[in-house]
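With PDB, C-alpha atoms and all ligand atoms inside, this is input_15.pdb:
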```pdb
ATOM      1  CA  MET I   1      -0.899  31.193   1.566
ATOM      2  CA  ARG I   2      -2.343  27.672   1.477
ATOM      3  CA  TYR I   3      -2.756  27.199  -2.266
ATOM      4  CA  ASP I   4      -1.165  29.348  -4.906
ATOM      5  CA  PHE I   5      -3.418  30.036  -7.868
ATOM      6  CA  THR I   6      -2.049  33.456  -8.741
ATOM      7  CA  SER I   7       1.750  33.331  -9.143
ATOM      8  CA  ILE I   8       2.954  33.192 -12.718
ATOM      9  CA  ILE I   9       5.579  30.472 -12.687
ATOM     10  CA  ASP I  10       8.147  30.247 -15.452
ATOM     11  CA  ARG I  11       8.066  26.671 -16.774
ATOM     12  CA  ARG I  12      10.616  27.212 -19.536
ATOM     13  CA  GLY I  13      13.527  24.800 -19.394
ATOM     14  CA  MET I  14      11.597  22.414 -17.118
ATOM     15  CA  ASP I  15      10.733  19.992 -19.945
ATOM     16  CA  ALA I  16       7.116  21.165 -20.029
ATOM     17  CA  ILE I  17       5.758  20.429 -23.494
ATOM     18  CA  ALA I  18       3.156  23.144 -22.862
ATOM     19  CA  VAL I  19       5.804  25.845 -23.179
ATOM     20  CA  ASP I  20       8.870  24.165 -24.649
ATOM     21  CA  GLY I  21       7.235  21.968 -27.227
ATOM     22  CA  PRO I  22       5.663  24.051 -30.013
ATOM     23  CA  GLY I  23       5.038  21.646 -32.860
ATOM     24  CA  TYR I  24       5.438  18.765 -30.376
ATOM     25  CA  GLY I  25       4.745  15.352 -31.888
ATOM     26  CA  GLY I  26       3.735  17.007 -35.146
ATOM     27  CA  TRP I  27       0.331  17.936 -33.710
ATOM     28  CA  ALA I  28       0.977  20.706 -31.185
ATOM     29  CA  PRO I  29       0.556  24.276 -32.414
ATOM     30  CA  GLY I  30       3.649  26.081 -33.620
ATOM     31  CA  GLY I  31       5.430  28.775 -31.596
ATOM     32  CA  PRO I  32       4.107  32.318 -31.187
ATOM     33  CA  LYS I  33       4.798  35.033 -33.741
ATOM     34  CA  GLU I  34       7.779  37.232 -33.141
ATOM     35  CA  GLY I  35       7.083  39.636 -30.284
ATOM     36  CA  PHE I  36       4.333  37.473 -28.756
ATOM     37  CA  ASP I  37       4.445  35.198 -25.700
ATOM     38  CA  ILE I  38       3.196  31.653 -25.774
ATOM     39  CA  ILE I  39      -0.146  31.018 -24.041
ATOM     40  CA  PRO I  40       0.341  27.418 -22.914
ATOM     41  CA  MET I  41      -3.262  26.229 -23.105
ATOM     42  CA  TRP I  42      -3.023  23.706 -25.931
ATOM     43  CA  VAL I  43      -2.301  20.746 -23.668
ATOM     44  CA  ALA I  44      -4.330  19.791 -20.596
ATOM     45  CA  ASP I  45      -1.949  20.488 -17.774
ATOM     46  CA  MET I  46      -2.062  23.531 -15.570
ATOM     47  CA  ASN I  47       0.104  26.518 -14.886
ATOM     48  CA  PHE I  48      -0.635  26.322 -11.143
ATOM     49  CA  PRO I  49       1.752  24.579  -8.762
ATOM     50  CA  THR I  50       0.562  21.263  -7.367
ATOM     51  CA  CYS I  51      -0.801  21.027  -3.836
ATOM     52  CA  PRO I  52       2.108  21.761  -1.414
ATOM     53  CA  THR I  53       1.588  18.564   0.609
ATOM     54  CA  ILE I  54       2.104  16.479  -2.541
ATOM     55  CA  GLN I  55       5.411  18.144  -3.281
ATOM     56  CA  GLU I  56       6.465  17.786   0.370
ATOM     57  CA  ALA I  57       5.660  14.054   0.364
ATOM     58  CA  ILE I  58       7.682  13.531  -2.823
ATOM     59  CA  ILE I  59      10.645  15.437  -1.372
ATOM     60  CA  GLU I  60      10.418  13.507   1.890
ATOM     61  CA  ARG I  61      10.444  10.156   0.099
ATOM     62  CA  THR I  62      13.392  11.115  -2.076
ATOM     63  CA  LYS I  63      15.483  11.755   1.038
ATOM     64  CA  HIS I  64      15.700   7.985   1.339
ATOM     65  CA  PRO I  65      18.260   7.077  -1.312
ATOM     66  CA  MET I  66      16.945   3.678  -2.442
ATOM     67  CA  PHE I  67      14.436   3.386  -5.249
ATOM     68  CA  GLY I  68      14.286  -0.359  -5.868
ATOM     69  CA  TYR I  69      11.278  -2.602  -6.484
ATOM     70  CA  PHE I  70       8.463  -1.816  -4.107
ATOM     71  CA  ASP I  71       5.072  -3.099  -3.130
ATOM     72  CA  VAL I  72       2.026  -0.840  -3.046
ATOM     73  CA  ARG I  73       1.258   0.255   0.503
ATOM     74  CA  ASN I  74      -2.187   0.162   2.003
ATOM     75  CA  GLU I  75      -2.069   3.973   2.118
ATOM     76  CA  TYR I  76      -2.287   3.970  -1.672
ATOM     77  CA  TYR I  77      -5.614   2.138  -1.590
ATOM     78  CA  ASP I  78      -6.825   3.949   1.527
ATOM     79  CA  SER I  79      -6.311   7.370  -0.008
ATOM     80  CA  ILE I  80      -8.189   6.392  -3.192
ATOM     81  CA  ILE I  81     -11.026   4.900  -1.125
ATOM     82  CA  ARG I  82     -11.199   8.009   1.058
ATOM     83  CA  TRP I  83     -11.082  10.378  -1.911
ATOM     84  CA  GLN I  84     -13.803   8.589  -3.854
ATOM     85  CA  SER I  85     -15.989   8.253  -0.789
ATOM     86  CA  GLU I  86     -15.685  11.868   0.374
ATOM     87  CA  ARG I  87     -15.745  13.492  -3.048
ATOM     88  CA  HIS I  88     -18.115  11.314  -5.010
ATOM     89  CA  GLY I  89     -20.069   9.283  -2.473
ATOM     90  CA  MET I  90     -18.531   5.963  -3.514
ATOM     91  CA  THR I  91     -18.820   4.526  -0.041
ATOM     92  CA  ASP I  92     -18.499   0.817  -0.772
ATOM     93  CA  LEU I  93     -15.184   0.815  -2.609
ATOM     94  CA  THR I  94     -12.689  -1.823  -1.475
ATOM     95  CA  LYS I  95      -9.034  -2.430  -2.198
ATOM     96  CA  LYS I  96      -9.638  -5.376  -4.484
ATOM     97  CA  CYS I  97     -11.545  -3.195  -7.003
ATOM     98  CA  ILE I  98      -8.634  -0.773  -7.433
ATOM     99  CA  GLY I  99      -5.735  -1.369  -9.811
ATOM    100  CA  TYR I 100      -2.848   0.698 -11.114
ATOM    101  CA  GLU I 101      -2.896   2.036 -14.694
ATOM    102  CA  ASN I 102      -0.036   3.586 -16.591
ATOM    103  CA  GLY I 103      -2.080   6.629 -17.558
ATOM    104  CA  VAL I 104      -5.779   6.886 -18.259
ATOM    105  CA  LEU I 105      -5.348   6.752 -22.018
ATOM    106  CA  GLY I 106      -3.216   3.631 -21.673
ATOM    107  CA  GLY I 107      -5.919   2.227 -19.411
ATOM    108  CA  VAL I 108      -8.611   2.857 -22.030
ATOM    109  CA  VAL I 109      -6.682   0.953 -24.687
ATOM    110  CA  SER I 110      -5.595  -1.777 -22.297
ATOM    111  CA  ALA I 111      -9.242  -2.307 -21.249
ATOM    112  CA  LEU I 112     -10.325  -2.320 -24.903
ATOM    113  CA  ASN I 113      -7.827  -5.086 -25.552
ATOM    114  CA  ALA I 114      -9.589  -7.171 -22.922
ATOM    115  CA  PHE I 115     -12.982  -7.038 -24.632
ATOM    116  CA  ALA I 116     -12.451  -6.378 -28.345
ATOM    117  CA  CYS I 117     -10.202  -7.444 -31.195
ATOM    118  CA  PRO I 118      -8.394  -5.131 -33.612
ATOM    119  CA  GLY I 119     -10.828  -4.322 -36.412
ATOM    120  CA  ASP I 120     -13.829  -4.264 -34.052
ATOM    121  CA  ALA I 121     -15.987  -1.168 -33.905
ATOM    122  CA  VAL I 122     -16.037   0.904 -30.699
ATOM    123  CA  LEU I 123     -18.687   3.518 -29.924
ATOM    124  CA  VAL I 124     -17.305   6.938 -28.959
ATOM    125  CA  HIS I 125     -19.132  10.253 -28.662
ATOM    126  CA  SER I 126     -18.084  13.218 -30.748
ATOM    127  CA  PRO I 127     -16.694  15.818 -30.427
ATOM    128  CA  THR I 128     -13.957  13.437 -29.296
ATOM    129  CA  TYR I 129     -10.863  13.980 -27.177
ATOM    130  CA  ILE I 130      -7.954  13.763 -29.621
ATOM    131  CA  GLY I 131      -6.164  11.266 -27.377
ATOM    132  CA  PHE I 132      -9.033   8.788 -27.747
ATOM    133  CA  THR I 133      -8.996   9.116 -31.518
ATOM    134  CA  GLY I 134      -5.253   8.524 -31.815
ATOM    135  CA  SER I 135      -4.966   5.711 -29.280
ATOM    136  CA  ILE I 136      -8.084   3.752 -30.189
ATOM    137  CA  GLU I 137      -7.366   3.890 -33.921
ATOM    138  CA  GLY I 138      -3.663   3.340 -33.308
ATOM    139  CA  ALA I 139      -4.508   0.116 -31.488
ATOM    140  CA  GLY I 140      -6.398  -1.062 -34.565
ATOM    141  CA  TYR I 141     -10.014  -0.446 -33.535
ATOM    142  CA  ARG I 142     -12.618   1.231 -35.716
ATOM    143  CA  ILE I 143     -14.213   4.247 -34.051
ATOM    144  CA  VAL I 144     -17.920   4.712 -34.687
ATOM    145  CA  LEU I 145     -18.949   8.200 -33.634
ATOM    146  CA  SER I 146     -22.235   9.118 -32.061
ATOM    147  CA  PRO I 147     -22.358  12.944 -32.234
ATOM    148  CA  LEU I 148     -23.513  14.912 -29.215
ATOM    149  CA  LYS I 149     -26.133  17.491 -30.159
ATOM    150  CA  GLN I 150     -26.689  20.956 -28.740
ATOM    151  CA  ASP I 151     -30.257  21.573 -27.559
ATOM    152  CA  GLU I 152     -32.081  24.897 -27.945
ATOM    153  CA  SER I 153     -30.195  26.262 -24.883
ATOM    154  CA  GLY I 154     -26.837  25.253 -26.316
ATOM    155  CA  VAL I 155     -26.390  22.339 -23.887
ATOM    156  CA  TRP I 156     -24.664  19.286 -25.359
ATOM    157  CA  ARG I 157     -26.830  16.159 -25.169
ATOM    158  CA  MET I 158     -26.330  12.507 -26.046
ATOM    159  CA  ASP I 159     -28.456  11.189 -28.885
ATOM    160  CA  TYR I 160     -29.694   7.906 -27.460
ATOM    161  CA  ASP I 161     -31.453   6.786 -30.644
ATOM    162  CA  ASP I 162     -28.276   7.365 -32.634
ATOM    163  CA  MET I 163     -26.223   5.433 -30.062
ATOM    164  CA  ASP I 164     -28.657   2.534 -30.150
ATOM    165  CA  ARG I 165     -28.785   2.422 -33.939
ATOM    166  CA  LYS I 166     -25.002   2.603 -34.404
ATOM    167  CA  ILE I 167     -24.358  -0.040 -31.766
ATOM    168  CA  LYS I 168     -26.753  -2.397 -33.529
ATOM    169  CA  GLU I 169     -25.606  -1.608 -37.082
ATOM    170  CA  ASN I 170     -21.945  -2.105 -36.198
ATOM    171  CA  HIS I 171     -22.328  -5.045 -33.788
ATOM    172  CA  ILE I 172     -20.629  -3.016 -31.083
ATOM    173  CA  HIS I 173     -19.949  -4.531 -27.674
ATOM    174  CA  VAL I 174     -17.526  -1.994 -26.208
ATOM    175  CA  ALA I 175     -18.028   1.756 -25.797
ATOM    176  CA  VAL I 176     -15.783   4.484 -24.461
ATOM    177  CA  PHE I 177     -17.756   6.867 -22.275
ATOM    178  CA  CYS I 178     -16.249  10.127 -21.005
ATOM    179  CA  ASN I 179     -17.800  11.397 -17.771
ATOM    180  CA  PRO I 180     -17.569  14.410 -17.575
ATOM    181  CA  HIS I 181     -17.189  14.711 -21.322
ATOM    182  CA  ASN I 182     -14.072  16.209 -22.891
ATOM    183  CA  PRO I 183     -14.258  18.265 -25.064
ATOM    184  CA  CYS I 184     -17.217  20.564 -24.347
ATOM    185  CA  GLY I 185     -17.135  20.048 -20.576
ATOM    186  CA  ARG I 186     -20.517  18.395 -20.114
ATOM    187  CA  VAL I 187     -21.027  17.112 -16.587
ATOM    188  CA  TRP I 188     -23.553  14.352 -17.256
ATOM    189  CA  THR I 189     -26.485  14.192 -14.874
ATOM    190  CA  GLU I 190     -27.478  10.991 -13.131
ATOM    191  CA  GLU I 191     -30.464  10.641 -15.431
ATOM    192  CA  GLU I 192     -28.374  11.096 -18.568
ATOM    193  CA  ILE I 193     -25.843   8.509 -17.413
ATOM    194  CA  ARG I 194     -28.641   6.109 -16.514
ATOM    195  CA  ASP I 195     -30.210   6.528 -19.960
ATOM    196  CA  ALA I 196     -26.883   5.933 -21.715
ATOM    197  CA  LEU I 197     -26.159   2.898 -19.573
ATOM    198  CA  GLU I 198     -29.595   1.529 -20.380
ATOM    199  CA  ILE I 199     -28.688   1.622 -24.096
ATOM    200  CA  TYR I 200     -25.434  -0.170 -23.321
ATOM    201  CA  ARG I 201     -27.266  -2.746 -21.184
ATOM    202  CA  ARG I 202     -29.863  -3.494 -23.836
ATOM    203  CA  ASN I 203     -27.117  -4.068 -26.407
ATOM    204  CA  GLU I 204     -24.699  -5.946 -24.136
ATOM    205  CA  VAL I 205     -22.024  -3.302 -24.406
ATOM    206  CA  ILE I 206     -19.156  -3.111 -21.911
ATOM    207  CA  VAL I 207     -18.392   0.465 -20.910
ATOM    208  CA  ILE I 208     -14.886   1.836 -20.614
ATOM    209  CA  ASP I 209     -15.477   4.946 -18.612
ATOM    210  CA  ASP I 210     -12.982   7.804 -18.394
ATOM    211  CA  GLU I 211     -13.554   9.942 -15.283
ATOM    212  CA  ILE I 212     -10.251  11.807 -15.361
ATOM    213  CA  TRP I 213     -12.059  15.165 -15.160
ATOM    214  CA  SER I 214     -14.408  14.201 -12.344
ATOM    215  CA  ASP I 215     -12.781  16.385  -9.684
ATOM    216  CA  ILE I 216     -12.872  19.607 -11.659
ATOM    217  CA  ILE I 217     -16.533  20.553 -11.579
ATOM    218  CA  LEU I 218     -17.797  24.106 -11.762
ATOM    219  CA  GLY I 219     -20.859  25.838 -10.331
ATOM    220  CA  ASN I 220     -23.767  23.775  -9.102
ATOM    221  CA  HIS I 221     -22.906  20.739 -11.162
ATOM    222  CA  ARG I 222     -22.316  17.441  -9.385
ATOM    223  CA  HIS I 223     -20.229  14.590 -10.705
ATOM    224  CA  VAL I 224     -22.034  11.258 -10.660
ATOM    225  CA  PRO I 225     -19.726   8.246 -11.047
ATOM    226  CA  THR I 226     -21.004   6.066 -13.879
ATOM    227  CA  GLN I 227     -20.768   2.923 -11.771
ATOM    228  CA  MET I 228     -23.145   4.406  -9.191
ATOM    229  CA  VAL I 229     -26.233   4.833 -11.352
ATOM    230  CA  SER I 230     -27.409   1.220 -11.083
ATOM    231  CA  GLU I 231     -26.326  -2.269 -10.137
ATOM    232  CA  ASP I 232     -26.050  -3.117 -13.819
ATOM    233  CA  ALA I 233     -23.817  -0.071 -14.482
ATOM    234  CA  ARG I 234     -21.574  -1.157 -11.657
ATOM    235  CA  CYS I 235     -21.113  -4.570 -13.260
ATOM    236  CA  ARG I 236     -20.617  -3.516 -16.889
ATOM    237  CA  THR I 237     -18.229  -0.596 -16.373
ATOM    238  CA  VAL I 238     -14.462  -0.290 -16.168
ATOM    239  CA  SER I 239     -13.828   3.176 -14.722
ATOM    240  CA  LEU I 240     -10.546   5.045 -15.004
ATOM    241  CA  PHE I 241      -9.359   7.853 -12.746
ATOM    242  CA  ALA I 242      -6.223   9.825 -11.971
ATOM    243  CA  PRO I 243      -5.013  12.594  -9.693
ATOM    244  CA  SER I 244      -3.233  14.053 -12.731
ATOM    245  CA  LYS I 245      -5.726  16.713 -13.825
ATOM    246  CA  THR I 246      -6.889  17.468 -10.291
ATOM    247  CA  PHE I 247      -3.428  18.159  -8.894
ATOM    248  CA  ASN I 248      -1.408  18.939 -12.014
ATOM    249  CA  LEU I 249       0.545  15.673 -11.860
ATOM    250  CA  ALA I 250       0.171  14.473 -15.463
ATOM    251  CA  GLY I 251       3.918  13.992 -15.848
ATOM    252  CA  LEU I 252       3.946  11.488 -12.979
ATOM    253  CA  VAL I 253       1.416   9.258 -14.747
ATOM    254  CA  GLY I 254      -0.023   7.199 -11.828
ATOM    255  CA  SER I 255      -3.631   6.467 -12.746
ATOM    256  CA  TYR I 256      -5.964   3.728 -11.607
ATOM    257  CA  HIS I 257      -9.031   1.709 -12.445
ATOM    258  CA  ILE I 258     -12.038   0.837 -10.356
ATOM    259  CA  ILE I 259     -13.727  -2.378 -11.440
ATOM    260  CA  TYR I 260     -16.382  -3.910  -9.217
ATOM    261  CA  ASP I 261     -17.250  -6.902 -11.350
ATOM    262  CA  ALA I 262     -14.921  -9.865 -10.856
ATOM    263  CA  TYR I 263     -15.158 -11.052 -14.463
ATOM    264  CA  LEU I 264     -14.366  -7.616 -15.947
ATOM    265  CA  ARG I 265     -11.591  -7.169 -13.422
ATOM    266  CA  ASP I 266      -9.924 -10.455 -14.261
ATOM    267  CA  ARG I 267     -10.176  -9.793 -18.006
ATOM    268  CA  VAL I 268      -8.680  -6.275 -17.725
ATOM    269  CA  ARG I 269      -5.897  -7.336 -15.391
ATOM    270  CA  SER I 270      -5.100 -10.391 -17.452
ATOM    271  CA  ALA I 271      -4.872  -8.362 -20.680
ATOM    272  CA  SER I 272      -2.618  -5.719 -19.145
ATOM    273  CA  ALA I 273      -0.386  -8.004 -17.074
ATOM    274  CA  LYS I 274       0.810 -10.101 -20.009
ATOM    275  CA  SER I 275       3.247  -7.502 -21.280
ATOM    276  CA  HIS I 276       4.300  -6.340 -17.764
ATOM    277  CA  TYR I 277       4.125  -2.921 -19.356
ATOM    278  CA  ASN I 278       1.317  -1.656 -17.175
ATOM    279  CA  ALA I 279       2.845  -2.733 -13.875
ATOM    280  CA  MET I 280       3.825   0.034 -11.432
ATOM    281  CA  ASN I 281       6.868  -2.162 -10.932
ATOM    282  CA  VAL I 282       7.461  -5.869 -11.069
ATOM    283  CA  LEU I 283       5.874  -6.603  -7.705
ATOM    284  CA  SER I 284       2.779  -4.471  -7.922
ATOM    285  CA  MET I 285       1.187  -6.586 -10.612
ATOM    286  CA  HIS I 286       0.613  -9.366  -8.054
ATOM    287  CA  VAL I 287      -1.508  -7.172  -5.762
TER     288      VAL I 287
HETATM  289  C1  LIG J 301     -10.643  12.705 -21.314
HETATM  290  C2  LIG J 301      -9.172  12.487 -21.133
HETATM  291  N1  LIG J 301      -8.731  11.245 -20.906
HETATM  292  C3  LIG J 301      -7.412  10.998 -20.752
HETATM  293  C4  LIG J 301      -6.474  12.005 -20.827
HETATM  294  C5  LIG J 301      -5.039  11.677 -20.705
HETATM  295  O1  LIG J 301      -4.807  10.974 -19.536
HETATM  296  P1  LIG J 301      -3.382  10.349 -19.217
HETATM  297  O2  LIG J 301      -2.390  11.447 -19.300
HETATM  298  O3  LIG J 301      -3.535   9.793 -17.842
HETATM  299  O4  LIG J 301      -3.153   9.281 -20.230
HETATM  300  C6  LIG J 301      -6.892  13.324 -21.046
HETATM  301  C7  LIG J 301      -5.912  14.423 -21.135
HETATM  302  O5  LIG J 301      -6.211  15.532 -21.440
HETATM  303  C8  LIG J 301      -8.281  13.569 -21.221
HETATM  304  O6  LIG J 301      -8.743  14.792 -21.445
END
```
Please rewrite the model in this file as structure tokens.
Amino acid sequence: MRYDFTSIIDRRGMDAIAVDGPGYGGWAPGGPKEGFDIIPMWVADMNFPTCPTIQEAIIERTKHPMFGYFDVRNEYYDSIIRWQSERHGMTDLTKKCIGYENGVLGGVVSALNAFACPGDAVLVHSPTYIGFTGSIEGAGYRIVLSPLKQDESGVWRMDYDDMDRKIKENHIHVAVFCNPHNPCGRVWTEEEIRDALEIYRRNEVIVIDDEIWSDIILGNHRHVPTQMVSEDARCRTVSLFAPSKTFNLAGLVGSYHIIYDAYLRDRVRSASAKSHYNAMNVLSMHV
């Protein structure tokens, strides 16, 4: 068996908040009624084991007993470049555009800090991933929602006029864009992304783009990276990725940004490096 998608693995006692944390943080659902099992679907990790080669690599590394400060190897960048090129056609990605992020949510807020001040309005689509709501408001920003609308076939669509109006009314210069969108699972088409980015361009809005779900695409849908829709999109977008959803590694955190534009890159890295909090370890922040 190459990949195991059928075994039911008992996660109890393994610190998994999905099964051991009913009521977790005051916002997770409570435990099941007496006589019922928990169905651990309230938090976005999976009940499948990770890819065996990932586990093997972790075990192999831990056989060496030293875990001191380290520098990021070229393999780290090479594997991201290969993945993005093979999976999403990002063929011109280079090492200098890639940077470590302590989680995608942390990356969203850290990037916001580079381009907005607490109290500023930020455009976000609704329905909104609860993590965005908590973190963006928690960091002191004011969320302005542009609701997605279902068309006559029930497909969720962006309302470009609403986005444009709210950006103007609220003097917004930073938006959080989720591609594919969570919740509701919309895989935006190239045309839709281009239209949204055109609104952002016309209003001089920097786009903080969460692509954490980009590897989990069903049916005939195709993920189009936001930065690939135009030269302008490439230069106004900070994109965030992670292997965490794809390979069930959320507990290991390691996420990353791709930023092509040198100005955006310097601003984001400068804002996150100040606290040292976003560094993979003390050395990696110099890469
Ligand atoms: C859209 C989206 N962004 C970010 C996250 C969280 O990412 P991380 O655990 O890397 O902070 C999630 C988790 O469900 C998510 O759905």
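Between ligand LIG 301 (chain J) and the candidates I:Ala44, I:Ile206, I:Leu148, I:Leu264, the tightest atom-to-atom separation, counting all atoms listed in the file, involves I:Ala44.
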For ligand LIG 301 (chain J), return the neighbouring residues as a ChimeraX atom specification (distance at most 8 Å; all atoms listed in the file). /I:43-45,102-107,129,131-132,178,181-183,210-213,241-242,244-245,250-251,253-255
Selection in question (the file shown): the PyMOL selection byres (((chain I and resi 273) around 12) and not hetatm). Which residues does it include, as a PyMOL selection string? chain I and resi 99-102+107+110-111+113-114+265-272+274-287
Would you save the residues of that selection, restricted to C-alpha atoms, as a short mmCIF file (atom, residue, chain, number, x, y, z; two decimals), in the frame of the given file?
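Here's the written file again35.cif:
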```
data_model
loop_
_atom_site.label_atom_id
_atom_site.label_comp_id
_atom_site.auth_asym_id
_atom_site.auth_seq_id
_atom_site.Cartn_x
_atom_site.Cartn_y
_atom_site.Cartn_z
CA GLY I 99 -5.74 -1.37 -9.81
CA TYR I 100 -2.85 0.70 -11.11
CA GLU I 101 -2.90 2.04 -14.69
CA ASN I 102 -0.04 3.59 -16.59
CA GLY I 107 -5.92 2.23 -19.41
CA SER I 110 -5.60 -1.78 -22.30
CA ALA I 111 -9.24 -2.31 -21.25
CA ASN I 113 -7.83 -5.09 -25.55
CA ALA I 114 -9.59 -7.17 -22.92
CA ARG I 265 -11.59 -7.17 -13.42
CA ASP I 266 -9.92 -10.46 -14.26
CA ARG I 267 -10.18 -9.79 -18.01
CA VAL I 268 -8.68 -6.28 -17.73
CA ARG I 269 -5.90 -7.34 -15.39
CA SER I 270 -5.10 -10.39 -17.45
CA ALA I 271 -4.87 -8.36 -20.68
CA SER I 272 -2.62 -5.72 -19.14
CA LYS I 274 0.81 -10.10 -20.01
CA SER I 275 3.25 -7.50 -21.28
CA HIS I 276 4.30 -6.34 -17.76
CA TYR I 277 4.12 -2.92 -19.36
CA ASN I 278 1.32 -1.66 -17.18
CA ALA I 279 2.84 -2.73 -13.88
CA MET I 280 3.82 0.03 -11.43
CA ASN I 281 6.87 -2.16 -10.93
CA VAL I 282 7.46 -5.87 -11.07
CA LEU I 283 5.87 -6.60 -7.70
CA SER I 284 2.78 -4.47 -7.92
CA MET I 285 1.19 -6.59 -10.61
CA HIS I 286 0.61 -9.37 -8.05
CA VAL I 287 -1.51 -7.17 -5.76
#
```
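CA of Pro225 (chain I) is positioned 11.5 Å from CA of Phe177 (chain I).
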Name the residues captured by the PyMOL selection byres (((chain I and resi 80) around 12) and not hetatm) when it is applied to the shown file; answer as JSON, numbers by chain. {"I": [73, 74, 75, 76, 77, 78, 79, 81, 82, 83, 84, 85, 86, 87, 88, 90, 91, 92, 93, 94, 95, 96, 97, 98, 99, 100, 241, 242, 243, 254, 255, 256, 257, 258]}
Could you write out as a PyMOL selection string the residues that the PyMOL selection byres (((chain I and resi 136) around 12) and not hetatm) matches in the shown file? chain I and resi 105-113+116-124+128-135+137-144+174-176+208
Length of the CA of Leu197 (chain I) to CA of Asn170 (chain I) vector [Å]: 17.9 Å
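Relative to CA of Ile54 (chain I), CA of Phe70 (chain I) is found at 19.4 Å.
Closest approach to Glu191 (chain I) from the set I:Ile59, I:Ile217, I:Val229, I:Ile167 is made by I:Val229, with distances taken over all atoms listed in the file.
For the set I:Val72, I:Met228, I:Met163, I:Leu218, the residue with the smallest atom-to-atom gap to Ala196 (chain I) is I:Met163, counting all atoms listed in the file.
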Return the single residue from I:Glu190, I:His173, I:Ser214, I:Arg11 that is closest to Arg236 (chain I), with distances computed using all atoms listed in the file. I:His173
Go through I:Trp27, I:Phe48, I:Cys184, I:Ser146 one by one, measure the shortest atom-to-atom distance of each to Thr246 (chain I) using all atoms listed in the file, and give the residue with the smallest value. I:Phe48
